[in-house]
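*Asks:* Dropping in query.cif, with mmCIF, C-alpha atoms.
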```
data_start
loop_
_atom_site.label_atom_id
_atom_site.label_comp_id
_atom_site.auth_asym_id
_atom_site.auth_seq_id
_atom_site.Cartn_x
_atom_site.Cartn_y
_atom_site.Cartn_z
CA GLN A 1 0.00 0.00 0.00
CA LYS A 2 2.82 2.42 0.79
CA GLY A 3 4.16 2.21 -2.76
CA VAL A 4 0.70 2.96 -4.15
CA ASP A 5 0.27 5.93 -1.80
CA MET A 6 3.60 7.44 -2.90
CA SER A 7 2.99 6.91 -6.62
CA MET A 8 1.92 9.50 -9.18
CA ASN A 9 -0.04 9.20 -12.41
CA GLY A 10 1.90 7.18 -14.97
CA ASP A 11 4.03 5.36 -12.39
CA THR A 12 4.55 1.61 -12.17
CA VAL A 13 4.57 0.14 -8.67
CA LEU A 14 6.68 -3.04 -8.84
CA VAL A 15 6.04 -5.74 -6.25
CA GLY A 16 8.63 -8.41 -5.46
CA SER A 17 7.73 -12.07 -5.02
CA GLY A 18 6.16 -12.97 -1.69
CA THR A 19 2.85 -13.02 0.15
CA TYR A 20 1.37 -9.68 1.19
CA TYR A 21 -1.49 -9.64 3.70
CA GLU A 22 -3.09 -6.40 2.63
CA ASN A 23 -6.26 -4.82 1.29
CA ILE A 24 -4.96 -2.42 -1.35
CA GLN A 25 -6.72 0.82 -2.25
CA ILE A 26 -5.92 2.77 -5.41
CA THR A 27 -7.79 6.08 -5.43
CA ASP A 28 -7.73 8.62 -8.26
CA LYS A 29 -4.41 7.41 -9.65
CA MET A 30 -3.63 6.16 -13.15
CA ILE A 31 -0.87 3.71 -12.30
CA THR A 32 0.29 0.18 -13.03
CA LEU A 33 0.51 -2.24 -10.10
CA SER A 34 2.67 -5.15 -11.22
CA SER A 35 4.70 -8.10 -10.11
CA TYR A 36 8.09 -8.65 -11.76
CA LEU A 37 6.22 -10.30 -14.62
CA SER A 38 6.25 -6.93 -16.37
CA LEU A 39 10.07 -7.10 -16.39
CA TYR A 40 10.31 -10.80 -17.25
CA PRO A 41 7.14 -11.60 -19.25
CA ASP A 42 8.21 -15.17 -20.03
CA ASN A 43 8.51 -16.15 -16.37
CA LEU A 44 4.93 -16.95 -15.42
CA ASP A 45 6.06 -18.19 -12.00
CA PHE A 46 5.86 -14.57 -10.86
CA ILE A 47 2.06 -14.90 -10.96
CA SER A 48 1.89 -17.74 -8.43
CA ASN A 49 4.79 -16.39 -6.38
CA THR A 50 3.42 -12.86 -5.91
CA ILE A 51 0.32 -13.17 -3.74
CA ILE A 52 -1.92 -10.51 -2.26
CA ASP A 53 -4.00 -12.06 0.52
CA GLY A 54 -7.04 -10.14 1.74
CA SER A 55 -7.22 -12.14 5.00
CA ASN A 56 -11.01 -12.42 4.56
CA ILE A 57 -11.50 -8.93 6.01
CA GLY A 58 -12.09 -6.93 2.83
CA THR A 59 -11.70 -6.68 -0.92
CA VAL A 60 -8.15 -7.54 -2.00
CA ILE A 61 -7.76 -4.55 -4.38
CA SER A 62 -10.19 -1.63 -4.53
CA VAL A 63 -9.76 0.83 -7.41
CA LEU A 64 -11.79 4.00 -7.00
CA HIS A 65 -11.64 6.71 -9.63
CA ASN A 66 -13.74 9.80 -8.93
CA GLN A 67 -12.14 12.44 -11.12
CA ASN A 68 -13.94 14.09 -14.04
CA GLY A 69 -12.72 13.69 -17.58
CA ALA A 70 -9.97 15.78 -19.06
CA SER A 71 -11.16 19.07 -20.48
CA GLY A 72 -11.38 19.24 -24.25
CA GLU A 73 -10.23 15.72 -25.08
CA THR A 74 -11.23 12.08 -24.78
CA TYR A 75 -10.29 10.30 -21.59
CA PRO A 76 -8.98 6.80 -22.34
CA ASP A 77 -6.84 6.51 -19.18
CA THR A 78 -6.14 3.04 -17.88
CA ILE A 79 -5.26 1.62 -14.49
CA LYS A 80 -3.44 -1.72 -14.74
CA ILE A 81 -3.08 -4.72 -12.43
CA LEU A 82 -0.59 -7.26 -13.77
CA GLY A 83 0.87 -10.59 -12.65
CA PHE A 84 -0.63 -11.48 -9.25
CA SER A 85 -2.49 -14.17 -7.37
CA LEU A 86 -5.37 -12.56 -5.46
CA VAL A 87 -6.80 -14.68 -2.64
CA ASN A 88 -8.98 -14.60 0.47
CA GLY A 89 -10.93 -11.47 -0.33
CA SER A 90 -14.27 -10.77 1.32
CA SER A 91 -16.40 -7.76 0.46
CA ASN A 92 -18.98 -6.20 2.76
CA ASN A 93 -20.53 -4.27 -0.14
CA GLU A 94 -22.62 -6.13 -2.72
CA GLN A 95 -21.27 -3.93 -5.52
CA TYR A 96 -17.65 -4.60 -4.59
CA GLY A 97 -16.02 -7.80 -5.75
CA ASN A 98 -14.30 -9.98 -3.19
CA ALA A 99 -11.02 -9.84 -5.12
CA ILE A 100 -11.34 -6.61 -7.12
CA ALA A 101 -13.68 -3.64 -6.82
CA TRP A 102 -13.62 -1.17 -9.71
CA ASN A 103 -15.49 2.12 -9.63
CA GLY A 104 -14.68 4.12 -12.74
CA PRO A 105 -17.50 6.54 -13.59
CA ASN A 106 -17.99 7.92 -17.07
CA GLY A 107 -19.93 10.61 -18.84
CA THR A 108 -19.47 13.88 -20.72
CA PHE A 109 -17.34 16.86 -19.79
CA ASN A 110 -17.37 20.09 -21.82
CA GLY A 111 -19.15 18.21 -24.58
CA TYR A 112 -16.62 15.34 -24.75
CA TRP A 113 -17.17 11.71 -23.79
CA TRP A 114 -14.76 10.38 -21.18
CA HIS A 115 -14.20 7.11 -19.40
CA SER A 116 -11.44 5.25 -17.63
CA THR A 117 -10.56 1.56 -17.86
CA LEU A 118 -9.32 -1.00 -15.38
CA SER A 119 -7.06 -3.52 -17.09
CA VAL A 120 -6.34 -6.81 -15.28
CA GLU A 121 -3.86 -9.12 -16.99
CA ASN A 122 -2.08 -12.38 -16.16
CA CYS A 123 -3.75 -12.80 -12.77
CA ASN A 124 -5.07 -15.83 -10.90
CA ILE A 125 -8.06 -15.09 -8.67
CA SER A 126 -9.16 -17.85 -6.29
CA GLN A 127 -10.34 -18.72 -2.76
CA ASN A 128 -12.46 -15.59 -2.50
CA THR A 129 -15.56 -17.38 -1.31
CA SER A 130 -17.49 -15.06 1.01
CA GLY A 131 -18.93 -11.56 1.21
CA GLY A 132 -19.84 -9.97 -2.10
CA PHE A 133 -21.77 -11.26 -5.11
CA SER A 134 -18.69 -11.67 -7.31
CA ASP A 135 -14.94 -12.01 -7.50
CA ILE A 136 -14.74 -8.85 -9.62
CA GLY A 137 -17.33 -6.09 -9.28
CA SER A 138 -17.11 -3.44 -12.00
CA LYS A 139 -18.72 -0.03 -12.26
CA GLY A 140 -16.83 1.23 -15.28
CA ASN A 141 -15.01 -0.10 -18.32
CA LEU A 142 -13.25 -3.41 -17.62
CA TYR A 143 -10.59 -5.25 -19.64
CA LEU A 144 -9.44 -8.76 -18.70
CA ASN A 145 -6.72 -10.71 -20.51
CA LYS A 146 -5.24 -14.04 -19.40
CA VAL A 147 -7.17 -13.99 -16.13
CA THR A 148 -8.25 -17.16 -14.33
CA ILE A 149 -11.08 -16.88 -11.81
CA SER A 150 -11.93 -19.97 -9.78
CA ASN A 151 -14.53 -20.12 -7.04
CA SER A 152 -15.97 -23.15 -5.27
CA ASN A 153 -19.00 -21.12 -4.14
CA ASP A 154 -21.58 -21.41 -6.92
CA GLU A 155 -23.52 -18.44 -5.50
CA ILE A 156 -20.69 -16.03 -6.34
CA TYR A 157 -20.33 -14.88 -9.94
CA GLY A 158 -16.95 -14.48 -11.56
CA VAL A 159 -17.58 -10.94 -12.84
CA VAL A 160 -20.54 -8.64 -12.21
CA GLY A 161 -21.14 -5.28 -13.84
CA TRP A 162 -22.95 -2.57 -11.89
CA GLU A 163 -23.82 0.06 -14.49
CA SER A 164 -20.62 -1.04 -16.21
CA THR A 165 -20.01 0.47 -19.64
CA GLY A 166 -18.09 -2.44 -21.15
CA MET A 167 -16.85 -5.97 -20.42
CA HIS A 168 -13.86 -6.79 -22.62
CA VAL A 169 -12.51 -10.27 -21.86
CA LYS A 170 -10.19 -12.54 -23.82
CA ASN A 171 -7.90 -15.53 -23.26
CA SER A 172 -9.42 -16.09 -19.82
CA ILE A 173 -11.21 -18.63 -17.65
CA ILE A 174 -14.13 -17.20 -15.68
CA GLU A 175 -15.65 -19.87 -13.46
CA ASN A 176 -19.25 -19.04 -12.47
CA GLY A 177 -19.54 -16.68 -15.41
CA PHE A 178 -20.92 -13.15 -15.66
CA SER A 179 -23.89 -11.08 -14.56
CA TRP A 180 -25.00 -7.45 -14.52
CA TYR A 181 -27.30 -5.10 -12.62
CA ASN A 182 -29.05 -1.80 -13.42
CA SER A 183 -27.78 -1.45 -17.00
CA GLU A 184 -26.31 -4.07 -19.32
CA PRO A 185 -22.75 -3.40 -20.49
CA ILE A 186 -21.36 -3.85 -23.98
CA TRP A 187 -20.05 -7.42 -24.13
CA ASN A 188 -16.84 -8.29 -25.96
CA ILE A 189 -15.80 -11.76 -24.83
CA THR A 190 -13.48 -13.88 -27.00
CA TYR A 191 -11.27 -16.95 -26.56
CA THR A 192 -12.65 -17.40 -23.06
CA LEU A 193 -14.04 -20.38 -21.14
CA PHE A 194 -16.93 -19.60 -18.82
CA ASN A 195 -20.18 -21.09 -17.65
CA GLY A 196 -23.59 -19.57 -17.03
CA PHE A 197 -25.48 -17.39 -19.48
CA ALA A 198 -23.74 -16.77 -22.81
CA TYR A 199 -23.82 -12.98 -22.96
CA ASP A 200 -21.40 -13.07 -25.86
CA GLU A 201 -21.85 -16.01 -28.22
CA ASP A 202 -18.61 -15.53 -30.11
CA GLU A 203 -17.61 -18.86 -31.65
CA SER A 204 -14.15 -18.68 -30.05
CA ASN A 205 -15.64 -19.06 -26.56
CA ILE A 206 -16.09 -22.33 -24.67
CA TYR A 207 -18.82 -23.06 -22.16
CA GLY A 208 -18.30 -25.63 -19.42
CA ASP A 209 -15.94 -26.96 -16.77
CA PRO A 210 -12.28 -25.89 -17.13
CA PHE A 211 -11.02 -29.08 -15.40
CA PHE A 212 -8.42 -27.62 -13.05
CA CYS A 213 -5.92 -30.21 -11.83
CA ASP A 214 -6.43 -29.91 -8.07
CA PRO A 215 -8.33 -26.75 -7.09
CA GLU A 216 -9.01 -28.00 -3.55
CA ASN A 217 -5.27 -27.76 -2.90
CA GLY A 218 -4.63 -24.59 -4.85
CA ASP A 219 -3.50 -26.13 -8.16
CA TYR A 220 -5.39 -24.26 -10.89
CA SER A 221 -3.32 -25.53 -13.78
CA LEU A 222 -5.32 -27.19 -16.53
CA ALA A 223 -5.66 -30.95 -16.83
CA GLU A 224 -4.67 -32.49 -20.16
CA ASN A 225 -8.34 -33.08 -21.01
CA SER A 226 -9.39 -29.49 -20.28
CA PRO A 227 -11.28 -27.91 -23.19
CA ALA A 228 -9.32 -24.71 -22.49
CA VAL A 229 -5.95 -26.24 -23.44
CA GLY A 230 -4.79 -24.58 -26.65
CA ALA A 231 -8.07 -22.70 -27.01
CA GLY A 232 -6.70 -19.20 -26.47
CA GLU A 233 -5.94 -16.65 -29.14
CA ASP A 234 -3.33 -17.98 -31.60
CA GLY A 235 -3.71 -21.46 -30.11
CA VAL A 236 -2.19 -20.54 -26.73
#
```
Is it possible to express this structure as structure tokens?

*Replies:*
Amino acid sequence: QKGVDMSMNGDTVLVGSGTYYENIQITDKMITLSSYLSLYPDNLDFISNTIIDGSNIGTVISVLHNQNGASGETYPDTIKILGFSLVNGSSNNEQYGNAIAWNGPNGTFNGYWWHSTLSVENCNISQNTSGGFSDIGSKGNLYLNKVTISNSNDEIYGVVGWESTGMHVKNSIIENGFSWYNSEPIWNITYTLFNGFAYDEDESNIYGDPFFCDPENGDYSLAENSPAVGAGEDGV
């Protein structure tokens, strides 16, 4: 949290391998929060070795953006979360996800449309089984790439939009699927395995069980017979 608090717009906060028992808050900052995966993109071990543990007392990472859009121009700013395992989150707010809460309002300013985006990439989200309605709760524009969400509690959705403008998901596994409240977002889901209602029926998607090897003991790698093996973009 200290690194986030000291950061400024455009900064990257690098996090070394280890387990951090924290509930991170990012407020009104356009930053990248990353493990060392951003420095060594071929070493995927950084994902499993860099853990943020919410200790079941709150959302693991809350991203709250309350600023108005930039005057006289579009506002495509992005906050990024890259290369973590997020576990043991528990939200006390139904609109906040147990693992990630994203509040990025949008609208018009001086006649121009503005919005901000939360980008979550190369993250494993698991063991967030109590509290809120979802693992990720989004009120804003959301982009997920190479994200695996696993939850043994069938009453908790993978991703829920609360007046969310867009759900852009690819190359991911979203156990327990998607839902939305108040207003339906624009769906753009490709090369993704999920269950539940097929909000985006793109032919690249797969619906069903991902067949994790041993989720009860924290092994969320894919079994050889998983339909997700080789089903990502470009056969990944």

*Asks:* What's around Phe178 of chain A at 9 Å? Count all atoms listed in the file, leave out sequence neighbours fewer than 5 positions away in its own chain, and write the answer as a ChimeraX atom specification.

*Replies:* /A:134,157-161,194-199

*Asks:* Carefully work through the PyMOL selection byres ((chain A and resi 48-50) around 9) for this structure and note down the residues it includes, as a list in words.

*Replies:*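 Applied to this file, the PyMOL selection byres ((chain A and resi 48-50) around 9) selects Val15, Gly16, Ser17, Gly18, Thr19, Tyr20, Ser35, Tyr36, Leu44, Asp45, Phe46, Ile47, Ile51, Ile52, Gly83, Phe84, Ser85, Leu86, Cys123 and Asn124 of chain A.
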
*Asks:* Check what the PyMOL selection byres ((chain A and resi 103) around 7) selects in the file above and give those residues as a list in words.

*Replies:* Val63, Leu64, His65, Ala101, Trp102, Gly104, Pro105, Ser138, Lys139 and Gly140 of chain A

*Asks:* Applied to this file, what does the PyMOL selection byres ((chain A and resi 143-152) around 7) return in terms of residues, put as a ChimeraX atom specification?

*Replies:* /A:118-129,141-142,153-154,158,167-175

*Asks:* Just to confirm, what's the straight-line distance from atom CA of Gly58 of chain A to atom CA of Asn188 of chain A in Å (one decimal)?

*Replies:*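 A separation of 29.2 Å between them.
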
*Asks:* Report the distance between atom CA of Gly166 of chain A and atom CA of Ile189 of chain A in Å, rounded to one decimal place.

*Replies:* 10.3 Å

*Asks:* Just give me the gap between atom CA of Asp53 of chain A and atom CA of Trp180 of chain A in Å, one decimal is fine.

*Replies:* 26.2 Å

*Asks:* Using all atoms listed in the file, which residue out of A:Glu201, A:Ile31, A:Ile26, A:Trp162 lies closest to Leu14 of chain A?

*Replies:*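 Comparing A:Glu201, A:Ile31, A:Ile26, A:Trp162 against Leu14 of chain A, the winner is A:Ile31.
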
*Asks:* So, counting only C-alpha atoms, which residue among A:Ile61, A:Leu39, A:Ala99, A:Leu33 is closest to Lys80 of chain A?

*Replies:*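 Once distances to Lys80 of chain A are computed over only C-alpha atoms, the minimum belongs to A:Leu33.
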
*Asks:* Write out as a list in words each polymer residue whose atoms come within 10 Å of Gly54 of chain A, counting all atoms listed in the file; drop sequence neighbours fewer than 5 positions from it.

*Replies:* Tyr20, Tyr21, Glu22, Asn23, Ile24, Thr59, Val60, Ile61, Leu86, Val87, Asn88, Gly89, Ser90, Ser91, Asn98, Ala99 and Asn128 of chain A

*Asks:* Counting all atoms listed in the file, which residue out of A:Tyr181, A:Gln1, A:Asn176, A:Trp187 sits closest to Gly208 of chain A?

*Replies:*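 Counting all atoms listed in the file, the residue closest to Gly208 of chain A is A:Asn176.
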